[in-house]
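Below is protein-v4.cif, holding mmCIF, C-alpha atoms and all ligand atoms.
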```
data_my_file
loop_
_atom_site.label_atom_id
_atom_site.label_comp_id
_atom_site.auth_asym_id
_atom_site.auth_seq_id
_atom_site.Cartn_x
_atom_site.Cartn_y
_atom_site.Cartn_z
CA MET A 1 25.90 51.58 76.13
CA LYS A 2 26.96 48.09 77.18
CA LYS A 3 24.12 46.71 75.09
CA LEU A 4 25.27 48.70 72.08
CA ILE A 5 28.83 47.44 72.43
CA SER A 6 27.62 43.83 72.63
CA LEU A 7 25.43 44.42 69.59
CA VAL A 8 28.31 45.86 67.60
CA MET A 9 30.56 43.00 68.70
CA ALA A 10 27.94 40.44 67.75
CA LEU A 11 27.53 42.06 64.34
CA ALA A 12 31.28 42.17 63.82
CA LEU A 13 31.48 38.47 64.69
CA MET A 14 28.71 37.63 62.23
CA VAL A 15 30.45 39.58 59.50
CA ALA A 16 33.74 37.81 60.29
CA VAL A 17 32.09 34.38 60.24
CA PHE A 18 30.31 35.21 57.00
CA ALA A 19 33.50 36.47 55.39
CA CYS A 20 35.27 33.35 56.54
CA VAL A 21 32.61 31.04 55.11
CA ALA A 22 32.38 33.01 51.88
CA GLY A 23 36.17 33.12 51.61
CA ALA A 24 36.40 29.43 52.32
CA GLU A 25 33.87 28.69 49.60
CA GLN A 26 36.12 30.28 47.04
CA VAL A 27 39.11 28.11 47.86
CA GLY A 28 37.77 25.22 45.80
CA ALA A 29 35.85 27.10 43.15
CA GLY A 30 36.51 25.75 39.69
CA LYS A 31 38.56 22.81 40.98
CA THR A 32 37.68 19.13 41.01
CA VAL A 33 38.86 16.48 43.45
CA GLY A 34 38.70 12.82 42.46
CA ILE A 35 38.13 10.44 45.36
CA ALA A 36 38.72 6.72 44.84
CA MET A 37 37.30 4.61 47.67
CA PRO A 38 37.64 0.84 48.10
CA THR A 39 34.16 -0.57 48.70
CA GLN A 40 30.63 0.14 49.78
CA SER A 41 30.33 -3.32 51.32
CA SER A 42 31.55 -1.89 54.61
CA GLU A 43 29.80 1.06 56.17
CA ARG A 44 32.90 2.95 57.18
CA TRP A 45 33.92 3.68 53.59
CA ILE A 46 30.45 4.93 52.72
CA ASN A 47 30.75 7.40 55.60
CA ASP A 48 34.31 8.35 54.65
CA GLY A 49 33.24 9.09 51.08
CA ALA A 50 30.16 11.04 52.13
CA ASN A 51 32.10 13.09 54.71
CA MET A 52 34.87 13.96 52.28
CA LYS A 53 32.41 14.89 49.56
CA ALA A 54 30.34 17.10 51.85
CA GLN A 55 33.37 18.87 53.33
CA LEU A 56 34.99 19.49 49.94
CA GLU A 57 31.76 20.69 48.39
CA ALA A 58 31.30 23.10 51.29
CA LEU A 59 34.59 24.67 50.19
CA GLY A 60 33.40 24.99 46.60
CA TYR A 61 35.21 21.98 45.11
CA GLU A 62 33.54 19.67 42.66
CA VAL A 63 33.88 16.07 43.71
CA LEU A 64 34.12 12.89 41.66
CA LEU A 65 33.58 10.06 44.15
CA GLN A 66 33.90 6.45 43.05
CA TYR A 67 34.02 3.05 44.71
CA GLY A 68 36.03 0.16 43.27
CA GLU A 69 33.97 -2.48 45.12
CA ASP A 70 37.12 -4.42 46.04
CA ASP A 71 37.98 -4.99 42.37
CA VAL A 72 41.57 -3.82 41.91
CA GLN A 73 41.30 -3.36 38.13
CA ALA A 74 38.05 -1.42 38.50
CA GLN A 75 39.80 0.99 40.85
CA VAL A 76 42.69 1.39 38.42
CA SER A 77 40.24 2.29 35.61
CA GLN A 78 38.35 4.70 37.83
CA ILE A 79 41.57 6.55 38.66
CA GLU A 80 42.63 6.53 34.99
CA ASN A 81 39.30 8.13 34.11
CA MET A 82 39.74 10.75 36.81
CA ILE A 83 43.16 11.62 35.40
CA ALA A 84 41.71 11.76 31.88
CA SER A 85 39.01 14.14 33.06
CA GLU A 86 41.77 16.37 34.50
CA VAL A 87 40.89 16.41 38.17
CA ASP A 88 43.04 18.83 40.17
CA CYS A 89 43.81 16.45 43.00
CA LEU A 90 43.36 12.73 43.74
CA VAL A 91 42.46 11.22 47.11
CA ILE A 92 42.91 7.45 47.14
CA ALA A 93 41.95 4.78 49.66
CA ALA A 94 43.44 1.81 47.86
CA ILE A 95 41.99 -1.67 47.50
CA ASP A 96 45.45 -3.15 46.93
CA SER A 97 47.94 -0.55 48.15
CA GLY A 98 50.73 -1.77 45.87
CA ALA A 99 48.72 -2.21 42.68
CA LEU A 100 48.36 1.42 41.73
CA THR A 101 51.94 2.36 40.95
CA ALA A 102 51.41 2.78 37.18
CA VAL A 103 48.34 4.92 37.54
CA GLU A 104 50.01 6.97 40.29
CA ALA A 105 52.92 7.60 37.95
CA GLN A 106 50.42 8.79 35.33
CA ALA A 107 48.94 11.22 37.85
CA LYS A 108 52.37 12.55 38.71
CA GLU A 109 53.18 12.96 35.04
CA ALA A 110 49.96 14.93 34.60
CA GLY A 111 50.88 17.13 37.58
CA ILE A 112 48.00 15.87 39.72
CA PRO A 113 48.87 15.62 43.41
CA VAL A 114 47.89 12.37 45.13
CA ILE A 115 46.88 12.04 48.77
CA ALA A 116 46.70 8.65 50.45
CA TYR A 117 43.54 8.23 52.48
CA ASP A 118 43.56 5.84 55.46
CA ARG A 119 45.67 3.22 53.64
CA LEU A 120 49.24 4.08 52.64
CA LEU A 121 50.01 3.97 48.92
CA MET A 122 53.00 1.67 48.55
CA ASP A 123 55.98 1.63 46.19
CA THR A 124 55.41 5.07 44.67
CA ASP A 125 56.98 8.51 44.82
CA ALA A 126 53.78 10.12 43.56
CA VAL A 127 52.11 10.46 46.94
CA THR A 128 52.25 13.84 48.67
CA TYR A 129 50.59 13.30 52.04
CA TYR A 130 48.90 10.58 54.05
CA ALA A 131 45.90 11.01 56.36
CA SER A 132 45.11 8.03 58.59
CA PHE A 133 44.73 6.76 62.12
CA ASP A 134 47.65 5.51 64.16
CA ASN A 135 47.42 1.99 62.76
CA GLU A 136 49.82 0.29 65.15
CA GLY A 137 47.94 2.17 67.86
CA VAL A 138 44.70 0.49 66.74
CA GLY A 139 46.28 -2.92 67.40
CA ARG A 140 47.74 -1.81 70.69
CA VAL A 141 44.40 -0.47 71.90
CA ILE A 142 42.67 -3.76 70.97
CA GLY A 143 45.41 -5.72 72.76
CA GLU A 144 45.24 -3.56 75.86
CA TYR A 145 41.48 -3.92 75.92
CA ILE A 146 41.80 -7.73 75.99
CA GLU A 147 44.61 -7.50 78.55
CA GLN A 148 42.52 -5.41 80.92
CA ALA A 149 39.20 -7.17 80.36
CA LYS A 150 40.74 -10.54 81.24
CA ASP A 151 43.22 -9.09 83.74
CA LEU A 152 45.93 -11.01 81.92
CA ALA A 153 48.75 -9.55 84.00
CA ASN A 154 47.38 -10.99 87.24
CA THR A 155 45.07 -13.85 86.43
CA THR A 156 45.78 -17.48 87.21
CA GLU A 157 43.26 -18.57 84.55
CA THR A 158 44.10 -19.43 80.97
CA TYR A 159 42.04 -18.14 78.05
CA THR A 160 41.66 -19.54 74.56
CA ILE A 161 42.06 -17.06 71.73
CA GLU A 162 41.90 -17.02 67.93
CA PHE A 163 43.06 -14.25 65.59
CA PHE A 164 41.40 -12.76 62.51
CA MET A 165 43.69 -10.16 60.94
CA GLY A 166 43.38 -7.77 58.00
CA SER A 167 44.24 -7.96 54.33
CA PRO A 168 47.89 -8.65 53.44
CA ASP A 169 47.75 -6.05 50.64
CA ASP A 170 46.74 -3.33 53.11
CA ASN A 171 49.69 -1.76 54.93
CA ASN A 172 47.42 -1.05 57.89
CA ALA A 173 46.86 -4.73 58.55
CA LEU A 174 50.42 -5.69 59.46
CA LEU A 175 50.78 -2.57 61.58
CA LEU A 176 47.63 -3.47 63.51
CA TYR A 177 48.91 -7.02 64.01
CA THR A 178 52.26 -5.66 65.22
CA GLY A 179 50.58 -3.39 67.77
CA LEU A 180 48.30 -6.17 68.96
CA MET A 181 51.10 -8.67 69.39
CA LYS A 182 53.33 -6.22 71.24
CA VAL A 183 50.70 -6.47 73.98
CA LEU A 184 49.55 -10.09 73.66
CA GLN A 185 52.66 -12.07 72.65
CA PRO A 186 54.00 -12.23 76.23
CA TYR A 187 50.73 -13.85 77.35
CA LEU A 188 50.90 -16.38 74.52
CA ASP A 189 54.50 -17.10 75.56
CA ASN A 190 53.68 -17.62 79.24
CA GLY A 191 50.58 -19.71 78.53
CA THR A 192 47.95 -17.30 79.87
CA LEU A 193 46.58 -17.14 76.34
CA VAL A 194 46.21 -20.38 74.40
CA CYS A 195 45.65 -20.38 70.65
CA LYS A 196 44.48 -23.93 69.97
CA THR A 197 44.80 -23.73 66.18
CA GLY A 198 48.36 -22.50 66.60
CA ARG A 199 47.61 -19.80 64.04
CA THR A 200 49.22 -16.72 65.55
CA SER A 201 51.49 -15.40 62.78
CA PHE A 202 50.34 -12.62 60.48
CA GLU A 203 50.72 -14.97 57.49
CA ASP A 204 48.39 -17.52 59.09
CA THR A 205 45.75 -15.05 60.27
CA CYS A 206 45.52 -12.38 57.56
CA ILE A 207 42.31 -12.39 55.50
CA LEU A 208 42.48 -11.17 51.90
CA ARG A 209 40.27 -8.11 51.13
CA TRP A 210 39.02 -8.08 54.72
CA SER A 211 36.38 -10.71 53.78
CA GLN A 212 33.66 -11.23 56.38
CA GLU A 213 32.73 -14.55 54.74
CA THR A 214 36.27 -15.87 55.12
CA ALA A 215 36.34 -14.85 58.77
CA GLN A 216 33.08 -16.69 59.37
CA GLN A 217 34.35 -19.76 57.51
CA TRP A 218 37.57 -19.81 59.49
CA CYS A 219 35.75 -19.38 62.78
CA GLU A 220 33.36 -22.23 61.92
CA ASN A 221 36.33 -24.45 61.04
CA TYR A 222 38.22 -23.55 64.21
CA LEU A 223 35.20 -24.20 66.44
CA ALA A 224 34.56 -27.56 64.79
CA ALA A 225 38.16 -28.71 64.78
CA GLU A 226 39.56 -27.37 68.07
CA TYR A 227 36.80 -26.24 70.38
CA ALA A 228 34.53 -29.26 70.77
CA ASP A 229 35.51 -29.80 74.41
CA GLU A 230 36.58 -26.34 75.44
CA ASP A 231 35.04 -22.95 74.69
CA LEU A 232 36.70 -20.26 72.65
CA ASP A 233 37.10 -17.31 75.03
CA ILE A 234 38.44 -14.54 72.79
CA CYS A 235 38.01 -13.67 69.10
CA ALA A 236 40.73 -11.11 68.47
CA THR A 237 39.49 -9.59 65.23
CA ALA A 238 40.76 -6.56 63.34
CA PHE A 239 37.49 -5.44 61.77
CA ASP A 240 33.80 -5.16 62.61
CA GLY A 241 33.03 -7.28 59.52
CA PHE A 242 35.10 -10.11 61.02
CA ALA A 243 33.25 -9.71 64.32
CA TYR A 244 29.94 -10.22 62.45
CA GLY A 245 31.37 -13.34 60.80
CA CYS A 246 32.53 -14.73 64.15
CA ARG A 247 29.16 -13.93 65.68
CA SER A 248 27.37 -16.02 63.03
CA ALA A 249 29.82 -18.89 63.44
CA LEU A 250 29.44 -18.84 67.23
CA GLU A 251 25.65 -18.76 67.05
CA GLY A 252 25.78 -21.63 64.58
CA ALA A 253 27.94 -23.60 67.00
CA GLY A 254 25.46 -23.03 69.82
CA TYR A 255 27.26 -20.41 71.89
CA THR A 256 24.93 -18.45 74.19
CA GLU A 257 25.13 -15.58 76.64
CA GLU A 258 26.61 -18.07 79.14
CA ASN A 259 29.77 -18.76 77.18
CA TRP A 260 29.82 -15.90 74.66
CA PRO A 261 33.45 -14.90 73.98
CA LEU A 262 35.08 -11.51 74.08
CA ILE A 263 34.93 -10.26 70.48
CA THR A 264 36.91 -7.26 69.26
CA GLY A 265 36.41 -5.21 66.09
CA GLN A 266 37.34 -2.02 64.34
CA ASP A 267 35.42 0.98 62.96
CA ALA A 268 32.48 1.25 65.36
CA GLU A 269 30.09 0.65 62.49
CA LEU A 270 26.42 1.15 63.29
CA MET A 271 25.75 -2.59 63.33
CA ALA A 272 28.81 -3.23 65.50
CA SER A 273 27.68 -0.53 67.91
CA LYS A 274 24.26 -2.16 68.16
CA ASN A 275 25.96 -5.51 68.73
CA ILE A 276 27.99 -3.94 71.53
CA ILE A 277 24.77 -2.78 73.15
CA SER A 278 23.17 -6.22 72.80
CA GLY A 279 26.32 -8.00 73.99
CA LYS A 280 27.14 -9.80 70.72
CA GLN A 281 30.36 -7.83 70.27
CA THR A 282 32.52 -6.64 73.14
CA MET A 283 34.36 -3.67 71.72
CA SER A 284 35.32 -1.82 68.61
CA ILE A 285 37.72 0.92 67.63
CA TYR A 286 36.04 4.26 67.24
CA LYS A 287 37.55 6.06 64.28
CA ASP A 288 35.83 9.37 63.77
CA THR A 289 35.69 9.48 59.96
CA ARG A 290 34.51 13.11 60.11
CA LEU A 291 37.83 14.04 61.67
CA LEU A 292 39.84 11.99 59.18
CA ALA A 293 37.96 13.63 56.30
CA GLU A 294 38.66 17.04 57.81
CA LYS A 295 42.40 16.31 58.02
CA CYS A 296 42.43 15.06 54.46
CA VAL A 297 40.55 18.14 53.23
CA THR A 298 43.20 20.38 54.78
CA MET A 299 45.79 18.38 52.81
CA VAL A 300 43.83 18.86 49.58
CA ASN A 301 43.63 22.59 50.27
CA ALA A 302 47.31 22.74 51.05
CA VAL A 303 48.46 21.03 47.86
CA LEU A 304 46.15 23.16 45.74
CA THR A 305 46.95 26.47 47.38
CA GLY A 306 50.62 25.89 48.03
CA SER A 307 50.34 26.00 51.82
CA GLU A 308 51.48 23.54 54.49
CA PRO A 309 48.96 21.15 56.09
CA GLU A 310 49.18 19.94 59.68
CA ILE A 311 51.47 16.90 59.87
CA ASN A 312 52.20 14.90 63.03
CA ASP A 313 54.33 12.03 61.74
CA THR A 314 57.30 12.23 59.40
CA THR A 315 59.03 8.95 60.24
CA THR A 316 56.64 5.97 60.37
CA TYR A 317 55.09 5.62 56.96
CA ASP A 318 57.81 4.41 54.64
CA ASN A 319 56.24 3.11 51.44
CA HIS A 320 59.52 1.52 50.23
CA VAL A 321 60.26 4.57 48.06
CA MET A 322 59.74 7.48 50.44
CA VAL A 323 58.62 8.33 53.94
CA VAL A 324 55.25 9.94 53.47
CA PRO A 325 54.42 12.96 55.68
CA SER A 326 51.34 11.94 57.62
CA TYR A 327 48.65 13.10 59.93
CA LEU A 328 47.52 10.32 62.25
CA CYS A 329 44.30 10.57 64.22
CA THR A 330 43.97 8.76 67.54
CA PRO A 331 41.95 5.52 67.74
CA VAL A 332 39.78 4.98 70.81
CA ALA A 333 38.25 1.79 72.23
CA VAL A 334 34.46 1.82 72.46
CA ASP A 335 32.42 -0.64 74.51
CA ILE A 336 29.24 -0.88 76.54
CA ASN A 337 30.60 1.51 79.17
CA ASN A 338 31.49 4.46 76.99
CA TYR A 339 29.43 4.18 73.81
CA GLU A 340 26.88 6.73 74.99
CA GLU A 341 29.50 9.32 75.76
CA LEU A 342 31.61 8.66 72.65
CA LEU A 343 29.14 7.78 69.94
CA ILE A 344 25.99 9.61 70.99
CA GLY A 345 27.71 12.43 72.89
CA GLY A 346 30.13 12.91 70.00
CA GLY A 347 27.26 13.13 67.51
CA TYR A 348 28.49 10.09 65.57
CA TYR A 349 25.17 8.27 65.95
CA THR A 350 21.87 9.31 67.43
CA ALA A 351 20.25 7.34 70.25
CA GLU A 352 17.46 6.51 67.75
CA GLN A 353 19.90 4.99 65.25
CA LEU A 354 21.42 2.83 67.96
CA ALA A 355 18.01 1.79 69.28
CA GLY A 356 16.58 0.95 65.83
C1 LIG B 1 41.00 0.45 57.73
C2 LIG B 1 40.05 -0.09 58.75
C3 LIG B 1 39.01 -0.97 58.10
C4 LIG B 1 39.63 -1.97 57.15
C5 LIG B 1 38.58 -2.77 56.40
C6 LIG B 1 41.55 -0.67 56.89
O1 LIG B 1 42.43 -0.19 55.96
O2 LIG B 1 42.03 1.16 58.35
O3 LIG B 1 39.44 0.97 59.46
O4 LIG B 1 38.32 -1.69 59.10
O5 LIG B 1 40.47 -1.33 56.24
O6 LIG B 1 37.79 -1.96 55.60
#
```
Would it be possible to restate this file's structure as structure tokens?
Amino acid sequence: MKKLISLVMALALMVAVFACVAGAEQVGAGKTVGIAMPTQSSERWINDGANMKAQLEALGYEVLLQYGEDDVQAQVSQIENMIASEVDCLVIAAIDSGALTAVEAQAKEAGIPVIAYDRLLMDTDAVTYYASFDNEGVGRVIGEYIEQAKDLANTTETYTIEFFMGSPDDNNALLLYTGLMKVLQPYLDNGTLVCKTGRTSFEDTCILRWSQETAQQWCENYLAAEYADEDLDICATAFDGFAYGCRSALEGAGYTEENWPLITGQDAELMASKNIISGKQTMSIYKDTRLLAEKCVTMVNAVLTGSEPEINDTTTYDNHVMVVPSYLCTPVAVDINNYEELLIGGGYYTAEQLAG
């Protein structure tokens, strides 16, 4: 009898799961979502695009996915074309967050809801929701990592540090800088941290379009001009691409395992994760793009079905025209001590990918 009950329960569960999947598939049937992504030059956006596409297609949506390759005008045209082809919803990760106002107004006019993906869309009232990570939190976590790794609160040593911050046209970049400096500014003020170039402001350290080449160039210049007699101890960078640029500059300047600095990054890209394992990068910020895609997909569903998505922030993301209701995922620091648990355990990468 017990067996029969379990069998019936198992069958009922299967039917429920099947109904759920079948039902879910219908949600998107006949509807198209246009996704405008910034660039394929950085791995994270390739994953973001692929995750969003797969998750939306699993719900029956058609997906138009395009990359602007860091060309602002190209992204504008791509979005214009999506509007012309009458997509039902737009998901945009902007190249220049303030350069899309005209095309966003067109979308609004055409009754197409717009969702901001990872980067806030500025100066527009056309945006419905925003899915991202806690961007100030990213900076804070990087700062706290440096603080703990160098025991800044207790040490009697001083450490040299240089900063490589994100693109000034990306709202995330200033937030990251703000979070980072909330932790590190006191140590710059009391002399525990020494920035020999004196470049500590956001204006002096932001790198347009998150360019890896610029980061490398700057690092080479800094090492040549300021660090001939004293090593650079910390590269506080806001992006894995910058960490790769610093790595090349440091290798070029003859740094070895003996004096290799602490290098931070963001995104836990595959290459960055391998560099963490080999010691060429110290940490990164793990942003699970599968989770972000999932949150964004619930927003797409909500706007197209008239329901309410999960929102956990209604005060922070003011785009100068409105405060955009947001869902912020939590950023986590990844380094040599927890990469196995986080990245492999979490199914983000396989052990083979990291070994290869
Ligand atoms: C994202 C980061 C990314 C950076 C460069 C930012 O907007 O939030 O995760 O590292 O762009 O692509």
If the limit is 10 Å from any atom of ligand LIG 1 (chain B), counting only C-alpha atoms and all ligand atoms, which residues qualify? Return them as number ranges by chain. A: 38-45, 70, 93-97, 117-120, 132-135, 138, 165-167, 169-173, 176, 209-212, 238-242, 265-269, 284-287, 289, 331
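Among A:Thr32, A:Gln281, A:Ser77, A:Ser85, the residue with the shortest atom-to-atom distance to Val63 of chain A, counting all atoms listed in the file, is A:Thr32.
For the atom pair formed by atom CA of Glu80 of chain A and atom CA of Leu328 of chain A, the distance is 28.0 Å, given to one decimal.
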Contact residues around Ala36 of chain A with only C-alpha atoms at 10 Å, ignoring same-chain residues under 4 positions, as number ranges by chain: A: 49, 64-68, 75-76, 78-79, 82, 90-95, 116-117
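Among the candidates A:Val324, A:Ala355, A:Leu223, A:Val300, the one nearest to Ile277 of chain A when counting only C-alpha atoms is A:Ala355.
Residues in contact range of segment 230-234 of chain A, defined as at most 7 Å between all atoms listed in the file, with sequence neighbours fewer than 4 positions away removed, read Tyr159, Thr160, Ile161, Glu162, Pro261, Leu262 and Ile263 of chain A.
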May I have the residues within 10 Å of Val323 of chain A as an NGL selection string, using all atoms listed in the file and disregarding those fewer than 5 positions away in the same chain? :A and (125 or 127-130 or 313-318)
Dump C-alpha atoms for the selected residues as a compact mmCIF listing (two decimals), in the frame of the given file?
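The resulting file, part.txt, is reproduced below:
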```
# COMPACT_ATOMS: atom_id res chain seq x y z
CA ASP A 125 56.98 8.51 44.82
CA VAL A 127 52.11 10.46 46.94
CA THR A 128 52.25 13.84 48.67
CA TYR A 129 50.59 13.30 52.04
CA TYR A 130 48.90 10.58 54.05
CA ASP A 313 54.33 12.03 61.74
CA THR A 314 57.30 12.23 59.40
CA THR A 315 59.03 8.95 60.24
CA THR A 316 56.64 5.97 60.37
CA TYR A 317 55.09 5.62 56.96
CA ASP A 318 57.81 4.41 54.64
```
Using only C-alpha atoms, determine which residues lie at most 9 Å from Lys182 of chain A, disregarding the query and same-chain residues fewer than 5 positions distant; provide the list as a compact mmCIF listing (two decimals) with C-alpha atoms, in the frame of the given file.
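Saved the output as around11.txt:
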```txt
# COMPACT_ATOMS: atom_id res chain seq x y z
CA GLY A 139 46.28 -2.92 67.40
CA ARG A 140 47.74 -1.81 70.69
CA GLY A 143 45.41 -5.72 72.76
CA TYR A 177 48.91 -7.02 64.01
```
With a distance cut-off of 10 Å and all atoms listed in the file, select the neighbouring residues of Ala153 of chain A, excluding the residue or stretch itself and same-chain residues fewer than 5 positions from it, and output the selection as a ChimeraX atom specification. /A:147-148,186-187,192
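Proximity ranking of A:Thr305, A:Thr298, A:Trp218, A:Gly279 relative to Glu258 of chain A places A:Gly279 first, based on all atoms listed in the file.
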Can you measure atom CA of Gly60 of chain A to atom CA of Ala29 of chain A for me? One decimal in Å is fine. 4.7 Å
For Ile207 of chain A, which residue out of A:Gly254, A:Pro168, A:Gly137, A:Pro309 is the nearest one, using all atoms listed in the file? A:Pro168
Between atom CA of Asp335 of chain A and atom CA of Ser278 of chain A - distance in Å to one decimal: 10.9 Å
Counting only C-alpha atoms, the residue of A:Met271, A:Ile83, A:Ile311, A:Ala293 that sits nearest Gln55 of chain A: A:Ala293
Between A:Thr178, A:Gln26, A:Thr205, A:Thr256, single out the one closest to Tyr61 of chain A, counting all atoms listed in the file. A:Gln26
